[in-house]
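See below for model13.pdb, which holds PDB, C-alpha atoms, pLDDT in the B column.
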ATOM      1  CA  MET A  12       0.000   0.000   0.000  1.00 53.00           C
ATOM      2  CA  ASP A  13       1.443   3.393  -0.893  1.00 92.00           C
ATOM      3  CA  LEU A  14       1.823   6.188   1.633  1.00 95.00           C
ATOM      4  CA  ALA A  15      -0.846   8.435   0.117  1.00 97.00           C
ATOM      5  CA  LYS A  16      -3.353   5.614   0.570  1.00 97.00           C
ATOM      6  CA  LYS A  17      -2.206   5.056   4.162  1.00 97.00           C
ATOM      7  CA  VAL A  18      -2.585   8.772   4.852  1.00 98.00           C
ATOM      8  CA  LEU A  19      -6.034   8.746   3.252  1.00 98.00           C
ATOM      9  CA  ASP A  20      -7.071   5.828   5.468  1.00 97.00           C
ATOM     10  CA  ILE A  21      -5.976   7.670   8.625  1.00 98.00           C
ATOM     11  CA  LEU A  22      -7.664  10.896   7.530  1.00 98.00           C
ATOM     12  CA  THR A  23     -10.850   8.939   6.868  1.00 98.00           C
ATOM     13  CA  GLU A  24     -10.671   7.076  10.187  1.00 97.00           C
ATOM     14  CA  TYR A  25     -10.411  10.325  12.170  1.00 97.00           C
ATOM     15  CA  ASN A  26     -12.704  12.300   9.882  1.00 97.00           C
ATOM     16  CA  TYR A  27      -9.939  14.858   9.225  1.00 98.00           C
ATOM     17  CA  GLN A  28     -10.043  17.373   6.398  1.00 98.00           C
ATOM     18  CA  ILE A  29      -6.797  18.262   4.606  1.00 98.00           C
ATOM     19  CA  ALA A  30      -5.850  21.203   2.405  1.00 98.00           C
ATOM     20  CA  PHE A  31      -2.785  21.795   0.240  1.00 98.00           C
ATOM     21  CA  ALA A  32      -1.005  24.951  -0.897  1.00 98.00           C
ATOM     22  CA  GLU A  33       1.561  23.770  -3.412  1.00 98.00           C
ATOM     23  CA  SER A  34       4.253  25.590  -5.297  1.00 97.00           C
ATOM     24  CA  ILE A  35       7.202  23.437  -6.434  1.00 95.00           C
ATOM     25  CA  THR A  36       5.076  20.277  -6.651  1.00 96.00           C
ATOM     26  CA  GLY A  37       2.506  21.967  -8.900  1.00 96.00           C
ATOM     27  CA  GLY A  38      -0.421  19.873  -7.673  1.00 97.00           C
ATOM     28  CA  ALA A  39       1.434  16.554  -7.427  1.00 97.00           C
ATOM     29  CA  LEU A  40       0.651  16.189  -3.713  1.00 98.00           C
ATOM     30  CA  VAL A  41      -3.092  16.426  -4.179  1.00 98.00           C
ATOM     31  CA  SER A  42      -2.880  14.341  -7.348  1.00 97.00           C
ATOM     32  CA  GLU A  43      -1.281  11.517  -5.383  1.00 97.00           C
ATOM     33  CA  LEU A  44      -4.122  11.609  -2.858  1.00 97.00           C
ATOM     34  CA  VAL A  45      -6.985  11.727  -5.368  1.00 97.00           C
ATOM     35  CA  LYS A  46      -5.713   8.630  -7.150  1.00 96.00           C
ATOM     36  CA  HIS A  47      -7.503   6.749  -4.382  1.00 97.00           C
ATOM     37  CA  SER A  48     -11.228   6.424  -3.871  1.00 96.00           C
ATOM     38  CA  GLY A  49     -12.505   8.215  -0.818  1.00 97.00           C
ATOM     39  CA  ALA A  50     -10.308  11.283  -1.290  1.00 97.00           C
ATOM     40  CA  SER A  51     -13.416  13.442  -1.666  1.00 96.00           C
ATOM     41  CA  ASN A  52     -14.273  12.637   1.962  1.00 97.00           C
ATOM     42  CA  VAL A  53     -11.071  14.209   3.298  1.00 98.00           C
ATOM     43  CA  LEU A  54      -9.889  16.768   0.747  1.00 98.00           C
ATOM     44  CA  SER A  55     -11.285  20.196   1.471  1.00 94.00           C
ATOM     45  CA  TYR A  56      -9.083  22.431  -0.669  1.00 94.00           C
ATOM     46  CA  SER A  57      -6.059  22.454  -2.923  1.00 97.00           C
ATOM     47  CA  VAL A  58      -4.342  25.336  -4.673  1.00 97.00           C
ATOM     48  CA  VAL A  59      -1.213  25.731  -6.723  1.00 97.00           C
ATOM     49  CA  THR A  60       0.299  29.061  -5.781  1.00 97.00           C
ATOM     50  CA  TYR A  61       3.317  28.821  -8.033  1.00 94.00           C
ATOM     51  CA  SER A  62       4.104  32.514  -8.293  1.00 93.00           C
ATOM     52  CA  LYS A  63       4.963  34.934  -5.541  1.00 93.00           C
ATOM     53  CA  ALA A  64       1.932  36.982  -6.610  1.00 95.00           C
ATOM     54  CA  ALA A  65      -0.367  33.975  -6.104  1.00 97.00           C
ATOM     55  CA  LYS A  66       1.078  33.337  -2.664  1.00 97.00           C
ATOM     56  CA  ARG A  67       0.608  37.002  -1.801  1.00 96.00           C
ATOM     57  CA  ASP A  68      -2.828  37.507  -3.349  1.00 96.00           C
ATOM     58  CA  PHE A  69      -4.537  34.194  -2.663  1.00 96.00           C
ATOM     59  CA  LEU A  70      -2.843  33.098   0.552  1.00 97.00           C
ATOM     60  CA  ASN A  71      -2.499  36.637   1.929  1.00 97.00           C
ATOM     61  CA  ILE A  72       1.219  36.288   2.598  1.00 97.00           C
ATOM     62  CA  PRO A  73       2.680  39.738   3.249  1.00 97.00           C
ATOM     63  CA  GLU A  74       5.136  41.001   0.628  1.00 95.00           C
ATOM     64  CA  MET A  75       7.641  41.916   3.328  1.00 95.00           C
ATOM     65  CA  LEU A  76       8.053  38.219   4.242  1.00 96.00           C
ATOM     66  CA  PHE A  77       9.235  37.473   0.696  1.00 94.00           C
ATOM     67  CA  ASP A  78      11.616  40.415   0.865  1.00 93.00           C
ATOM     68  CA  ILE A  79      13.081  39.285   4.188  1.00 92.00           C
ATOM     69  CA  HIS A  80      13.102  35.486   3.810  1.00 94.00           C
ATOM     70  CA  GLY A  81      12.779  34.760   0.084  1.00 91.00           C
ATOM     71  CA  VAL A  82      10.088  32.715  -1.643  1.00 94.00           C
ATOM     72  CA  VAL A  83      11.841  29.431  -0.816  1.00 94.00           C
ATOM     73  CA  SER A  84      12.018  29.545   2.966  1.00 96.00           C
ATOM     74  CA  LYS A  85      10.735  28.014   6.156  1.00 97.00           C
ATOM     75  CA  VAL A  86       8.720  31.140   6.933  1.00 97.00           C
ATOM     76  CA  ILE A  87       6.900  31.065   3.579  1.00 98.00           C
ATOM     77  CA  SER A  88       6.121  27.339   3.881  1.00 98.00           C
ATOM     78  CA  ILE A  89       4.706  27.956   7.369  1.00 98.00           C
ATOM     79  CA  GLU A  90       2.580  30.826   6.108  1.00 98.00           C
ATOM     80  CA  MET A  91       1.338  28.676   3.211  1.00 98.00           C
ATOM     81  CA  ALA A  92       0.337  25.844   5.586  1.00 98.00           C
ATOM     82  CA  ASN A  93      -1.311  28.187   8.073  1.00 98.00           C
ATOM     83  CA  GLN A  94      -3.192  30.210   5.484  1.00 98.00           C
ATOM     84  CA  ILE A  95      -4.534  27.259   3.485  1.00 98.00           C
ATOM     85  CA  LYS A  96      -5.680  25.574   6.714  1.00 98.00           C
ATOM     86  CA  GLN A  97      -7.518  28.739   7.706  1.00 97.00           C
ATOM     87  CA  ILE A  98      -9.006  29.399   4.245  1.00 97.00           C
ATOM     88  CA  ALA A  99     -10.195  25.809   3.912  1.00 97.00           C
ATOM     89  CA  LYS A 100     -11.249  25.472   7.550  1.00 97.00           C
ATOM     90  CA  SER A 101      -9.479  22.117   7.509  1.00 98.00           C
ATOM     91  CA  ASP A 102      -7.827  20.058  10.225  1.00 98.00           C
ATOM     92  CA  ILE A 103      -4.509  19.888   8.377  1.00 98.00           C
ATOM     93  CA  GLY A 104      -2.813  22.424   6.132  1.00 98.00           C
ATOM     94  CA  ILE A 105       0.249  21.687   4.051  1.00 98.00           C
ATOM     95  CA  GLY A 106       2.408  24.309   2.386  1.00 98.00           C
ATOM     96  CA  ILE A 107       5.351  23.518   0.127  1.00 98.00           C
ATOM     97  CA  THR A 108       7.746  25.795  -1.722  1.00 97.00           C
ATOM     98  CA  GLY A 109      11.032  25.129  -3.430  1.00 94.00           C
ATOM     99  CA  ASN A 110      13.339  25.571  -6.371  1.00 90.00           C
ATOM    100  CA  ALA A 111      13.386  22.907  -9.087  1.00 84.00           C
ATOM    101  CA  GLY A 112      15.817  24.875 -11.251  1.00 76.00           C
ATOM    102  CA  PRO A 113      17.458  24.987 -13.637  1.00 72.00           C
ATOM    103  CA  THR A 114      18.729  28.231 -12.092  1.00 71.00           C
ATOM    104  CA  ALA A 115      18.884  29.167  -8.440  1.00 72.00           C
ATOM    105  CA  LEU A 116      16.390  31.682  -7.123  1.00 70.00           C
ATOM    106  CA  GLU A 117      17.459  34.500  -4.833  1.00 69.00           C
ATOM    107  CA  ASN A 118      18.341  33.092  -1.390  1.00 71.00           C
ATOM    108  CA  SER A 119      17.900  29.447  -2.436  1.00 77.00           C
ATOM    109  CA  ASN A 120      19.642  26.592  -4.186  1.00 82.00           C
ATOM    110  CA  VAL A 121      18.362  24.358  -6.962  1.00 85.00           C
ATOM    111  CA  GLY A 122      16.728  21.357  -5.294  1.00 88.00           C
ATOM    112  CA  GLU A 123      16.014  23.221  -2.057  1.00 93.00           C
ATOM    113  CA  ILE A 124      12.546  22.560  -0.654  1.00 95.00           C
ATOM    114  CA  TRP A 125      10.740  23.740   2.456  1.00 97.00           C
ATOM    115  CA  PHE A 126       7.410  22.303   3.534  1.00 98.00           C
ATOM    116  CA  SER A 127       5.279  22.730   6.594  1.00 98.00           C
ATOM    117  CA  ILE A 128       2.380  20.791   8.035  1.00 98.00           C
ATOM    118  CA  ASN A 129      -0.102  22.507  10.340  1.00 98.00           C
ATOM    119  CA  TYR A 130      -1.656  19.701  12.369  1.00 96.00           C
ATOM    120  CA  LYS A 131      -3.412  19.951  15.736  1.00 90.00           C
ATOM    121  CA  ASP A 132      -2.569  23.662  15.776  1.00 85.00           C
ATOM    122  CA  GLU A 133       1.139  22.893  15.756  1.00 96.00           C
ATOM    123  CA  VAL A 134       3.368  23.538  12.770  1.00 98.00           C
ATOM    124  CA  PHE A 135       6.030  21.054  11.731  1.00 98.00           C
ATOM    125  CA  SER A 136       8.552  22.350   9.192  1.00 98.00           C
ATOM    126  CA  TYR A 137      11.023  20.400   7.116  1.00 98.00           C
ATOM    127  CA  HIS A 138      13.910  21.307   4.838  1.00 97.00           C
ATOM    128  CA  ILE A 139      15.246  19.011   2.155  1.00 95.00           C
ATOM    129  CA  GLN A 140      18.001  19.512  -0.381  1.00 93.00           C
ATOM    130  CA  LEU A 141      17.627  17.248  -3.409  1.00 89.00           C
ATOM    131  CA  ARG A 142      20.506  16.520  -5.758  1.00 83.00           C
ATOM    132  CA  GLN A 143      18.742  15.256  -8.873  1.00 66.00           C
ATOM    133  CA  ASN A 144      19.272  17.070 -12.130  1.00 70.00           C
ATOM    134  CA  ASP A 145      15.755  16.803 -13.493  1.00 85.00           C
ATOM    135  CA  ARG A 146      12.630  18.524 -12.232  1.00 87.00           C
ATOM    136  CA  GLU A 147      10.429  15.438 -12.456  1.00 89.00           C
ATOM    137  CA  SER A 148      12.642  13.440 -10.075  1.00 90.00           C
ATOM    138  CA  MET A 149      12.791  16.329  -7.627  1.00 91.00           C
ATOM    139  CA  ILE A 150       9.010  16.667  -7.600  1.00 93.00           C
ATOM    140  CA  GLU A 151       8.503  12.918  -7.172  1.00 93.00           C
ATOM    141  CA  ASP A 152      10.979  12.807  -4.285  1.00 93.00           C
ATOM    142  CA  ALA A 153       9.411  15.851  -2.629  1.00 95.00           C
ATOM    143  CA  VAL A 154       5.975  14.210  -2.783  1.00 96.00           C
ATOM    144  CA  LYS A 155       7.364  11.024  -1.209  1.00 96.00           C
ATOM    145  CA  VAL A 156       9.020  12.922   1.634  1.00 96.00           C
ATOM    146  CA  VAL A 157       5.893  14.982   2.382  1.00 97.00           C
ATOM    147  CA  TYR A 158       3.738  11.858   2.567  1.00 98.00           C
ATOM    148  CA  GLN A 159       6.355  10.100   4.726  1.00 97.00           C
ATOM    149  CA  MET A 160       6.355  12.951   7.239  1.00 97.00           C
ATOM    150  CA  LEU A 161       2.570  13.343   7.134  1.00 98.00           C
ATOM    151  CA  TYR A 162       2.106   9.625   7.754  1.00 98.00           C
ATOM    152  CA  LYS A 163       4.584   9.775  10.631  1.00 97.00           C
ATOM    153  CA  LEU A 164       2.689  12.688  12.246  1.00 97.00           C
ATOM    154  CA  LEU A 165      -0.717  11.082  11.790  1.00 97.00           C
ATOM    155  CA  SER A 166       0.499   7.736  13.174  1.00 93.00           C
ATOM    156  CA  LYS A 167       1.589   9.172  16.534  1.00 83.00           C
TER     157      LYS A 167
END
As structure tokens - that is how I would like this structure written.
Amino acid sequence: MDLAKKVLDILTEYNYQIAFAESITGGALVSELVKHSGASNVLSYSVVTYSKAAKRDFLNIPEMLFDIHGVVSKVISIEMANQIKQIAKSDIGIGITGNAGPTALENSNVGEIWFSINYKDEVFSYHIQLRQNDRESMIEDAVKVVYQMLYKLLSK
């Protein structure tokens, strides 16, 4: 059984709603979840806020946070998770931002990813640095890591 299915089963068991605010993964996180029947019972919201403008305008992230921390940062991933959880009125909010290259963004490296999970009103943040050369592999690995950490949190 894959991790997305395991996560779905736990979400269903506890009647939790989940919401995603994705940037680097471009919808791959939610796509992995909706491959399984029953996702409509737990998925409350999903947005791809790929641009800084989308993060600012849709998720209400203040411009000054981008100026201070950069788009790819712990602070922005936390804001993404918190805002999507609040907008969706869900039990869990996930925010992910990163740089899949080919060039480095200001204040980040290619393959750098930050994601945060707001669960039980606590925020858990994670930083990963991937070494793959191609975007597809980086996105796939990011999705795996997010589901691993989400499963670990939900299994406690």
For range 144-157 of chain A, please output as a ChimeraX atom specification all residues within 10 Å (counting only C-alpha atoms; exclusion window: fewer than 6 positions along the same chain).
/A:13-15,35-43,105-107,109-113,121-128,137,163
Could you jot down the CA of Gln97 in chain A to CA of Ala30 in chain A separation for me, Å, one decimal place?
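Rounded to one decimal, the two atoms are 9.4 Å apart.
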Just say which residues the PyMOL selection byres ((chain A and resi 60) around 12) picks in this file, as a PyMOL selection string.
chain A and resi 31-38+57-59+61-72+82+87-88+91-92+94-95+106-109
How big is the axis-aligned box around all listed atoms of range 120-127 of chain A once 6 Å goes on each side, and where's its centre, in Å to one decimal, as AutoDock Vina command-line options?
--center_x 12.5 --center_y 24.0 --center_z -0.2 --size_x 26.4 --size_y 17.2 --size_z 25.6
d(CA of Lys16 in chain A, CA of Ser51 in chain A) in Å
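Going from CA of Lys16 in chain A over to CA of Ser51 in chain A, I get 12.9 Å.
Distance-wise, CA of Tyr56 in chain A and CA of Ile79 in chain A end up 28.3 Å apart.
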From A:Ser48, A:Ile103, A:Val134, A:Thr114, residue lying nearest Glu90 in chain A [all atoms listed in the file]
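Looking at the shortest contact to Glu90 in chain A, the residue is A:Val134.
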